[in-house]
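This is input37.cif. It holds mmCIF, C-alpha atoms and all ligand atoms.
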data_model
loop_
_atom_site.label_atom_id
_atom_site.label_comp_id
_atom_site.auth_asym_id
_atom_site.auth_seq_id
_atom_site.Cartn_x
_atom_site.Cartn_y
_atom_site.Cartn_z
CA MET E 10 -153.40 -160.37 -92.00
CA ARG E 11 -153.04 -163.80 -90.45
CA ILE E 12 -154.14 -166.94 -92.33
CA ASP E 13 -154.39 -170.25 -90.47
CA ILE E 14 -154.71 -173.35 -92.66
CA LEU E 15 -156.13 -176.51 -91.09
CA THR E 16 -155.25 -179.60 -93.09
CA ILE E 17 -154.28 -183.25 -92.77
CA PHE E 18 -151.63 -182.74 -95.48
CA PRO E 19 -149.55 -179.68 -94.44
CA GLY E 20 -146.65 -180.84 -96.64
CA MET E 21 -148.71 -180.08 -99.75
CA PHE E 22 -148.34 -176.35 -99.06
CA ASN E 23 -144.52 -176.18 -99.07
CA ALA E 24 -144.06 -175.22 -102.69
CA VAL E 25 -146.82 -172.62 -102.86
CA LEU E 26 -146.05 -170.84 -99.59
CA ASN E 27 -142.30 -170.78 -100.08
CA GLU E 28 -142.00 -169.34 -103.56
CA SER E 29 -142.55 -166.10 -105.41
CA ILE E 30 -145.00 -163.40 -104.27
CA ILE E 31 -146.52 -165.38 -101.38
CA LYS E 32 -143.06 -166.02 -99.96
CA ARG E 33 -142.09 -162.35 -100.30
CA ALA E 34 -145.37 -161.21 -98.72
CA GLN E 35 -144.55 -163.30 -95.65
CA LEU E 36 -140.97 -162.03 -95.51
CA LYS E 37 -142.26 -158.44 -95.76
CA GLU E 38 -144.69 -159.30 -92.91
CA LYS E 39 -147.73 -158.37 -95.00
CA VAL E 40 -149.22 -161.75 -94.10
CA LYS E 41 -148.53 -164.48 -91.57
CA ILE E 42 -149.51 -167.94 -92.78
CA VAL E 43 -149.65 -170.75 -90.21
CA LEU E 44 -150.25 -174.43 -91.00
CA HIS E 45 -151.96 -176.72 -88.48
CA ASN E 46 -152.15 -180.47 -88.84
CA ILE E 47 -155.70 -181.50 -87.92
CA ARG E 48 -154.33 -184.88 -86.77
CA ASP E 49 -152.51 -183.12 -83.92
CA PHE E 50 -155.93 -182.24 -82.47
CA SER E 51 -157.35 -185.75 -82.58
CA LEU E 52 -157.97 -187.35 -79.18
CA ASP E 53 -157.69 -190.81 -80.76
CA LYS E 54 -154.53 -192.70 -79.84
CA HIS E 55 -153.84 -193.36 -83.54
CA CYS E 56 -154.63 -189.72 -84.42
CA LYS E 57 -157.63 -190.84 -86.49
CA VAL E 58 -159.63 -187.96 -87.95
CA ASP E 59 -162.38 -189.78 -89.86
CA ASP E 60 -165.08 -192.40 -89.42
CA ARG E 61 -167.91 -194.12 -91.30
CA PRO E 62 -171.02 -192.04 -91.97
CA PHE E 63 -174.04 -192.55 -89.72
CA GLY E 64 -176.83 -194.08 -91.78
CA GLY E 65 -174.36 -195.89 -94.06
CA GLY E 66 -173.05 -194.98 -97.47
CA PRO E 67 -169.66 -194.89 -99.17
CA GLY E 68 -166.42 -193.31 -97.88
CA MET E 69 -165.41 -191.69 -94.63
CA VAL E 70 -166.44 -188.45 -92.94
CA MET E 71 -164.12 -186.17 -90.96
CA HIS E 72 -164.81 -186.04 -87.21
CA PRO E 73 -165.99 -182.70 -85.81
CA GLU E 74 -163.84 -182.76 -82.68
CA PRO E 75 -160.29 -182.33 -84.11
CA ILE E 76 -161.59 -179.53 -86.35
CA PHE E 77 -163.33 -177.65 -83.53
CA ARG E 78 -160.18 -178.05 -81.40
CA ALA E 79 -157.88 -176.91 -84.21
CA VAL E 80 -160.01 -173.80 -84.83
CA GLU E 81 -159.99 -173.02 -81.12
CA HIS E 82 -156.20 -173.31 -81.15
CA ALA E 83 -155.86 -171.03 -84.21
CA LEU E 84 -158.07 -168.42 -82.55
CA ALA E 85 -156.09 -168.63 -79.32
CA CYS E 86 -152.76 -168.30 -81.18
CA ALA E 87 -154.01 -165.15 -82.89
CA SER E 88 -155.55 -163.51 -79.84
CA GLY E 89 -153.03 -164.80 -77.32
CA ASN E 90 -156.06 -165.43 -75.14
CA LYS E 91 -157.07 -169.06 -74.76
CA ALA E 92 -160.07 -168.40 -72.51
CA ALA E 93 -161.65 -165.93 -74.95
CA ALA E 94 -161.12 -168.29 -77.84
CA ARG E 95 -162.74 -171.13 -75.89
CA LYS E 96 -165.70 -168.97 -74.97
CA ARG E 97 -166.64 -168.37 -78.62
CA ARG E 98 -166.09 -171.99 -79.54
CA PHE E 99 -169.60 -172.62 -80.81
CA GLY E 100 -170.39 -169.12 -82.00
CA ARG E 101 -169.65 -167.64 -85.39
CA SER E 102 -167.36 -164.65 -85.92
CA ARG E 103 -170.26 -162.10 -86.10
CA GLY E 104 -168.93 -158.70 -87.05
CA ALA E 105 -165.33 -159.50 -86.16
CA LYS E 106 -162.66 -158.92 -88.80
CA ARG E 107 -162.18 -162.66 -88.87
CA LYS E 108 -163.63 -165.45 -90.97
CA ILE E 109 -163.68 -169.19 -90.45
CA ILE E 110 -163.98 -170.69 -93.91
CA LEU E 111 -164.59 -174.24 -95.04
CA LEU E 112 -163.40 -175.01 -98.55
CA SER E 113 -166.31 -176.89 -100.05
CA PRO E 114 -167.77 -177.59 -103.51
CA GLN E 115 -171.13 -176.63 -101.98
CA GLY E 116 -169.91 -173.15 -101.04
CA LYS E 117 -170.29 -169.76 -102.67
CA ARG E 118 -168.01 -169.52 -105.69
CA LEU E 119 -164.86 -167.47 -105.05
CA ASP E 120 -164.66 -164.39 -107.27
CA GLN E 121 -162.67 -161.15 -107.36
CA LYS E 122 -165.40 -159.21 -105.53
CA SER E 123 -165.54 -161.61 -102.58
CA ALA E 124 -161.72 -161.88 -102.59
CA LYS E 125 -161.49 -158.11 -102.08
CA LYS E 126 -163.82 -158.31 -99.07
CA MET E 127 -161.78 -161.18 -97.61
CA ALA E 128 -158.55 -159.19 -98.09
CA LYS E 129 -159.86 -156.73 -95.48
CA MET E 130 -159.99 -159.38 -92.73
CA LYS E 131 -157.48 -159.54 -89.90
CA GLN E 132 -157.59 -163.32 -89.57
CA ILE E 133 -158.85 -166.03 -91.90
CA ILE E 134 -159.01 -169.66 -90.83
CA LEU E 135 -159.23 -172.12 -93.71
CA ILE E 136 -160.47 -175.66 -93.13
CA CYS E 137 -159.52 -178.22 -95.77
CA GLY E 138 -161.89 -181.17 -96.01
CA HIS E 139 -161.07 -184.65 -97.25
CA TYR E 140 -162.66 -188.03 -97.96
CA GLU E 141 -166.46 -187.78 -98.41
CA GLY E 142 -166.39 -184.48 -96.56
CA ILE E 143 -166.87 -183.10 -93.08
CA ASP E 144 -169.38 -183.68 -90.27
CA GLU E 145 -172.30 -181.29 -90.87
CA ARG E 146 -171.96 -179.78 -87.36
CA VAL E 147 -168.74 -178.08 -88.45
CA LYS E 148 -170.70 -176.34 -91.20
CA ARG E 149 -173.67 -175.49 -89.01
CA PHE E 150 -172.00 -174.37 -85.82
CA LEU E 151 -168.40 -173.44 -86.54
CA VAL E 152 -167.78 -171.96 -89.95
CA ASP E 153 -168.82 -168.51 -91.13
CA GLU E 154 -168.76 -169.33 -94.82
CA GLU E 155 -168.27 -172.19 -97.25
CA VAL E 156 -166.19 -171.26 -100.29
CA SER E 157 -165.93 -173.19 -103.55
CA ILE E 158 -163.34 -172.60 -106.26
CA GLY E 159 -165.56 -173.98 -109.02
CA ASP E 160 -168.22 -176.45 -109.99
CA TYR E 161 -166.11 -179.60 -109.86
CA VAL E 162 -165.08 -181.96 -107.06
CA LEU E 163 -161.47 -182.29 -105.93
CA THR E 164 -160.09 -184.93 -103.57
CA GLY E 165 -159.36 -182.40 -100.82
CA GLY E 166 -159.53 -178.77 -99.77
CA GLU E 167 -155.77 -178.19 -100.02
CA LEU E 168 -155.65 -177.03 -103.64
CA PRO E 169 -158.69 -174.77 -103.13
CA ALA E 170 -157.00 -173.31 -100.01
CA MET E 171 -153.87 -172.56 -102.07
CA VAL E 172 -155.97 -170.85 -104.74
CA PHE E 173 -157.74 -168.84 -102.05
CA VAL E 174 -154.48 -167.77 -100.35
CA ASP E 175 -152.86 -166.74 -103.64
CA CYS E 176 -155.92 -164.76 -104.70
CA ILE E 177 -156.20 -162.91 -101.34
CA VAL E 178 -152.53 -162.27 -100.58
CA ARG E 179 -151.84 -160.47 -103.89
CA LEU E 180 -154.61 -158.01 -102.96
CA LEU E 181 -153.02 -157.02 -99.63
CA PRO E 182 -151.58 -153.50 -99.65
CA GLY E 183 -147.89 -153.46 -100.47
CA VAL E 184 -147.69 -157.05 -101.73
CA LEU E 185 -147.59 -156.35 -105.47
CA GLY E 186 -144.83 -154.00 -106.58
CA GLU E 187 -146.96 -151.60 -108.63
CA LYS E 188 -150.26 -150.50 -107.10
CA LYS E 189 -151.57 -149.72 -110.57
CA SER E 190 -151.28 -153.33 -111.72
CA LEU E 191 -154.34 -154.21 -109.61
CA HIS E 192 -156.46 -151.49 -111.20
CA PHE E 193 -156.12 -152.61 -114.80
CA GLU E 194 -156.59 -156.31 -114.50
CA SER E 195 -159.42 -158.64 -115.39
CA PHE E 196 -162.73 -158.22 -113.53
CA GLU E 197 -162.06 -154.57 -112.63
CA GLY E 198 -165.08 -152.58 -113.80
CA ASN E 199 -166.64 -155.86 -115.00
CA LEU E 200 -164.20 -156.10 -117.90
CA LEU E 201 -161.50 -158.60 -118.86
CA GLU E 202 -158.02 -157.23 -119.38
CA TYR E 203 -156.85 -155.95 -122.80
CA PRO E 204 -154.14 -157.88 -124.73
CA GLN E 205 -150.55 -157.35 -123.56
CA TYR E 206 -147.41 -157.42 -125.72
CA THR E 207 -143.68 -157.06 -125.06
CA ARG E 208 -140.47 -157.01 -127.11
CA PRO E 209 -139.73 -157.83 -129.88
CA ALA E 210 -142.19 -155.69 -131.88
CA ASN E 211 -141.93 -158.22 -134.68
CA TYR E 212 -141.58 -161.88 -133.73
CA LYS E 213 -141.18 -164.14 -136.80
CA GLY E 214 -143.50 -161.86 -138.79
CA MET E 215 -146.09 -161.57 -135.97
CA GLN E 216 -146.50 -157.83 -135.39
CA VAL E 217 -147.41 -155.93 -132.26
CA PRO E 218 -150.40 -153.58 -132.97
CA GLN E 219 -148.98 -150.32 -134.31
CA VAL E 220 -150.87 -148.15 -131.81
CA LEU E 221 -148.83 -149.59 -128.90
CA LEU E 222 -145.62 -148.38 -130.56
CA SER E 223 -147.02 -144.91 -131.33
CA GLY E 224 -146.17 -143.31 -127.98
CA ASP E 225 -149.63 -141.64 -128.02
CA HIS E 226 -150.97 -142.43 -124.55
CA ASN E 227 -154.53 -141.30 -125.21
CA LYS E 228 -154.78 -143.48 -128.28
CA ILE E 229 -153.25 -146.41 -126.39
CA GLN E 230 -155.81 -146.02 -123.57
CA GLU E 231 -158.64 -145.85 -126.08
CA TRP E 232 -157.41 -148.95 -127.90
CA ARG E 233 -157.07 -150.87 -124.64
CA LYS E 234 -160.58 -149.94 -123.52
CA GLU E 235 -162.02 -151.01 -126.89
CA GLU E 236 -160.13 -154.32 -126.77
CA SER E 237 -161.28 -154.95 -123.19
CA ILE E 238 -164.90 -154.41 -124.21
CA LYS E 239 -164.51 -156.59 -127.32
CA ILE E 240 -162.93 -159.48 -125.39
CA THR E 241 -165.43 -159.28 -122.52
CA LYS E 242 -168.45 -159.20 -124.86
CA LYS E 243 -167.13 -162.21 -126.74
CA ARG E 244 -165.87 -164.36 -123.86
CA ARG E 245 -167.93 -163.25 -120.86
CA PRO E 246 -171.19 -161.66 -122.04
CA ASP E 247 -172.62 -162.31 -118.53
CA LEU E 248 -169.88 -160.17 -116.96
CA PHE E 249 -170.36 -157.42 -119.55
CA ARG E 250 -174.13 -157.32 -119.02
CA SER E 251 -173.77 -157.05 -115.23
CA GLY E 252 -171.34 -154.12 -115.77
CA GLU E 253 -173.91 -152.39 -118.01
CA LYS E 254 -176.64 -152.88 -115.39
CA LYS E 255 -174.38 -151.30 -112.75
CA VAL E 256 -173.77 -148.25 -114.95
CA LYS E 257 -177.53 -147.86 -115.60
CA ARG E 258 -178.26 -148.09 -111.87
CA GLY E 259 -175.68 -145.34 -111.46
C1 LIG E 301 -164.16 -185.29 -102.24
S1 LIG E 301 -164.55 -183.70 -101.60
C2 LIG E 301 -166.10 -184.02 -100.84
C3 LIG E 301 -167.24 -183.80 -101.76
C4 LIG E 301 -168.60 -184.06 -101.11
N1 LIG E 301 -168.81 -185.46 -100.91
C5 LIG E 301 -169.72 -183.49 -101.99
O1 LIG E 301 -170.24 -184.24 -102.84
O2 LIG E 301 -170.03 -182.28 -101.86
C6 LIG E 301 -163.46 -183.57 -100.24
C7 LIG E 301 -163.12 -182.16 -99.85
O3 LIG E 301 -162.46 -181.50 -100.92
C8 LIG E 301 -162.70 -180.10 -100.87
N2 LIG E 301 -163.21 -179.68 -102.18
C9 LIG E 301 -163.49 -180.49 -103.23
N3 LIG E 301 -163.90 -179.79 -104.30
C10 LIG E 301 -163.88 -178.49 -103.94
C11 LIG E 301 -164.20 -177.26 -104.61
N4 LIG E 301 -164.63 -177.24 -105.86
N5 LIG E 301 -164.03 -176.11 -103.93
C12 LIG E 301 -163.60 -176.09 -102.65
N6 LIG E 301 -163.30 -177.23 -101.97
C13 LIG E 301 -163.43 -178.41 -102.59
C14 LIG E 301 -163.66 -179.87 -99.70
O4 LIG E 301 -162.91 -179.43 -98.58
C15 LIG E 301 -164.25 -181.24 -99.46
O5 LIG E 301 -164.65 -181.44 -98.12
#
What's the structure tokens form of this structure?
Amino acid sequence: MRIDILTIFPGMFNAVLNESIIKRAQLKEKVKIVLHNIRDFSLDKHCKVDDRPFGGGPGMVMHPEPIFRAVEHALACASGNKAAARKRRFGRSRGAKRKIILLSPQGKRLDQKSAKKMAKMKQIILICGHYEGIDERVKRFLVDEEVSIGDYVLTGGELPAMVFVDCIVRLLPGVLGEKKSLHFESFEGNLLEYPQYTRPANYKGMQVPQVLLSGDHNKIQEWRKEESIKITKKRRPDLFRSGEKKVKRG
């Protein structure tokens, strides 16, 4: 997979892209992550990327042109074919294994199900907004989807892009050491994960549940399933109910 990130603050990504699992995934060539500074695509002599909103109102709005040009560049880099990339400039990605995504509080909320779909793409282009937001024509004529990371407003799309990249990259085949670790985590089968413990078995009088020390794998599995159900019912009844509906539908 290739991920292109369009931002006016590429420096913000240094820590996240150059540490831990995301760093290793790039070294193992499971993912190629490329940063593009939107300012480099401005035609303004001062590399301006924003202006006042038509009709008045507070704040600044990001110009469409540098964003359209940056997306065109990211597409051309990936395909190695500038003409083809230019040709689809105003069309969406229809059917292609590629998504142009605008991080936006107005978008569809990112969840594990949509992350799994995204992890099947060949190329994802992420556009990070700033200021009051982005010219509406980018949303209407360029992007395939708007994605939100939650119902709150951040100053820019950089942190949401980092969340998105982290969430997707760990799902790519061969990125996490143990394949199984993806199968037993929260949201699989509409359940939250069971409680985890490690050594020591007794920490200052706080005991690990006896069943986990029993060596009886069937009992351990049973206990984990029960705990998962208990935790999900208590903390995320909505998630539990949608799991039940799925089972009933068969
Ligand atoms: C200050 S916000 C703009 C908010 C916009 N005026 C509104 O009310 O919808 C600037 C940028 O931050 C990003 N952003 C802010 N909150 C976000 C969220 N919850 N999820 C994804 N992106 C977000 C978007 O890229 C957005 O264009």
Please, what distance in Å, to one decimal, runs between atom CA of E:Asn23 and atom CA of E:Met130?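 Straight-line distance from atom CA of E:Asn23 to atom CA of E:Met130 works out to 23.7 Å.
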Residues near E:Val156, anyone? I mean within 8 Å using all atoms listed in the file, not counting same-chain ones fewer than 5 positions away, as a VMD selection string. chain E and resid 110 to 119
Select the residues contacting ligand LIG 301 (chain E) at a distance of at most 7 Å, based on all atoms listed in the file, then format the selection as a PDB file with C-alpha atoms, in the frame of the given file.
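Output file result.pdb is given in full below:
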ATOM      1  CA  LEU E 111    -164.590-174.240 -95.040  1.00  0.00           C
ATOM      2  CA  LEU E 112    -163.400-175.010 -98.550  1.00  0.00           C
ATOM      3  CA  SER E 113    -166.310-176.890-100.050  1.00  0.00           C
ATOM      4  CA  PRO E 114    -167.770-177.590-103.510  1.00  0.00           C
ATOM      5  CA  GLN E 115    -171.130-176.630-101.980  1.00  0.00           C
ATOM      6  CA  CYS E 137    -159.520-178.220 -95.770  1.00  0.00           C
ATOM      7  CA  GLY E 138    -161.890-181.170 -96.010  1.00  0.00           C
ATOM      8  CA  HIS E 139    -161.070-184.650 -97.250  1.00  0.00           C
ATOM      9  CA  TYR E 140    -162.660-188.030 -97.960  1.00  0.00           C
ATOM     10  CA  GLU E 141    -166.460-187.780 -98.410  1.00  0.00           C
ATOM     11  CA  GLY E 142    -166.390-184.480 -96.560  1.00  0.00           C
ATOM     12  CA  ILE E 143    -166.870-183.100 -93.080  1.00  0.00           C
ATOM     13  CA  VAL E 156    -166.190-171.260-100.290  1.00  0.00           C
ATOM     14  CA  SER E 157    -165.930-173.190-103.550  1.00  0.00           C
ATOM     15  CA  ILE E 158    -163.340-172.600-106.260  1.00  0.00           C
ATOM     16  CA  GLY E 159    -165.560-173.980-109.020  1.00  0.00           C
ATOM     17  CA  ASP E 160    -168.220-176.450-109.990  1.00  0.00           C
ATOM     18  CA  TYR E 161    -166.110-179.600-109.860  1.00  0.00           C
ATOM     19  CA  VAL E 162    -165.080-181.960-107.060  1.00  0.00           C
ATOM     20  CA  LEU E 163    -161.470-182.290-105.930  1.00  0.00           C
ATOM     21  CA  THR E 164    -160.090-184.930-103.570  1.00  0.00           C
ATOM     22  CA  GLY E 165    -159.360-182.400-100.820  1.00  0.00           C
ATOM     23  CA  GLY E 166    -159.530-178.770 -99.770  1.00  0.00           C
ATOM     24  CA  PRO E 169    -158.690-174.770-103.130  1.00  0.00           C
TER      25      PRO E 169
END
With only C-alpha atoms as the counted atoms, please give the residues lying no more than 8 Å from E:Ile133, apart from itself and same-chain residues fewer than 6 positions off, as a list in words.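 Once the adjacent positions are removed, what remains is Met10, Arg11, Ile12, Asp13, Arg107, Lys108, Ile109 and Ile110 of chain E.
Atom pair atom CA of E:Met171 / atom CA of E:Leu248 has a distance of 25.1 Å (rounded to one decimal).
Minimum atom-to-atom distance to E:Glu74, evaluated using only C-alpha atoms, belongs to E:Arg146 out of E:Arg146, E:Lys106, E:Arg208, E:Arg33.
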Among listed residues E:Tyr206, E:Val174, E:Glu167, E:Val58, nearest E:Ala34 (using all atoms listed in the file):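 Using all atoms listed in the file, the shortest distance to E:Ala34 belongs to E:Val174.
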Grab the atom CA of E:Arg245 to atom CA of E:Ser195 distance for me, in Å with one decimal place.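 According to the coordinates, atom CA of E:Arg245 and atom CA of E:Ser195 are separated by 11.1 Å.
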Please report as a tab-separated table every residue of stretch 36-150 of chain E lying within 12 Å of stretch 177-183 of chain E, along with the nearest atom pair and their distance in Å (one decimal), using all atoms listed in the file.
residue	atom	partner	partner_atom	distance
E:Lys37	CA	E:Gly183	CA	8.9
E:Glu38	CA	E:Gly183	CA	10.1
E:Lys39	CA	E:Leu181	CA	7.2
E:Val40	CA	E:Val178	CA	7.3
E:Lys41	CA	E:Val178	CA	10.1
E:Ile42	CA	E:Val178	CA	10.1
E:Leu119	CA	E:Ile177	CA	10.5
E:Asp120	CA	E:Ile177	CA	10.4
E:Gln121	CA	E:Ile177	CA	9.0
E:Lys122	CA	E:Ile177	CA	10.8
E:Ser123	CA	E:Ile177	CA	9.5
E:Ala124	CA	E:Ile177	CA	5.8
E:Lys125	CA	E:Leu180	CA	6.9
E:Lys126	CA	E:Ile177	CA	9.2
E:Met127	CA	E:Ile177	CA	6.9
E:Ala128	CA	E:Ile177	CA	5.5
E:Lys129	CA	E:Leu181	CA	8.0
E:Met130	CA	E:Ile177	CA	10.0
E:Lys131	CA	E:Leu181	CA	11.0
E:Gln132	CA	E:Ile177	CA	11.9
E:Ile133	CA	E:Ile177	CA	10.3
Using all atoms listed in the file: which of E:Lys234, E:Lys228, E:Arg244, E:His45 has the shortest distance to E:Arg78: E:His45
With 12 Å as the threshold, what does the neighbourhood of (-169.3, -164.4, -120.7) contain in terms of residues, counting all atoms listed in the file? Coordinates are those of the file; answer as JSON, numbers by chain. {"E": [196, 199, 200, 201, 238, 239, 240, 241, 242, 243, 244, 245, 246, 247, 248, 249, 250, 251, 252]}
Hey, could you pull the box centre and edge lengths for stretch 68-87 of chain E, axis-aligned, 5 Å padding per side, all listed atoms, to one decimal in Å, as JSON?
{"center_x": -159.6, "center_y": -179.2, "center_z": -88.6, "size_x": 23.7, "size_y": 38.2, "size_z": 28.6}
If you count only C-alpha atoms, which residues fall within 9 Å of E:Val80, apart from same-chain ones fewer than 4 positions away, as a list in words?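 In the requested form, the answer reads Asp13, Leu15, Pro75, Ile76, Leu84, Ala85, Ala94, Arg98, Ile109, Ile134, Ile136 and Leu151 of chain E.
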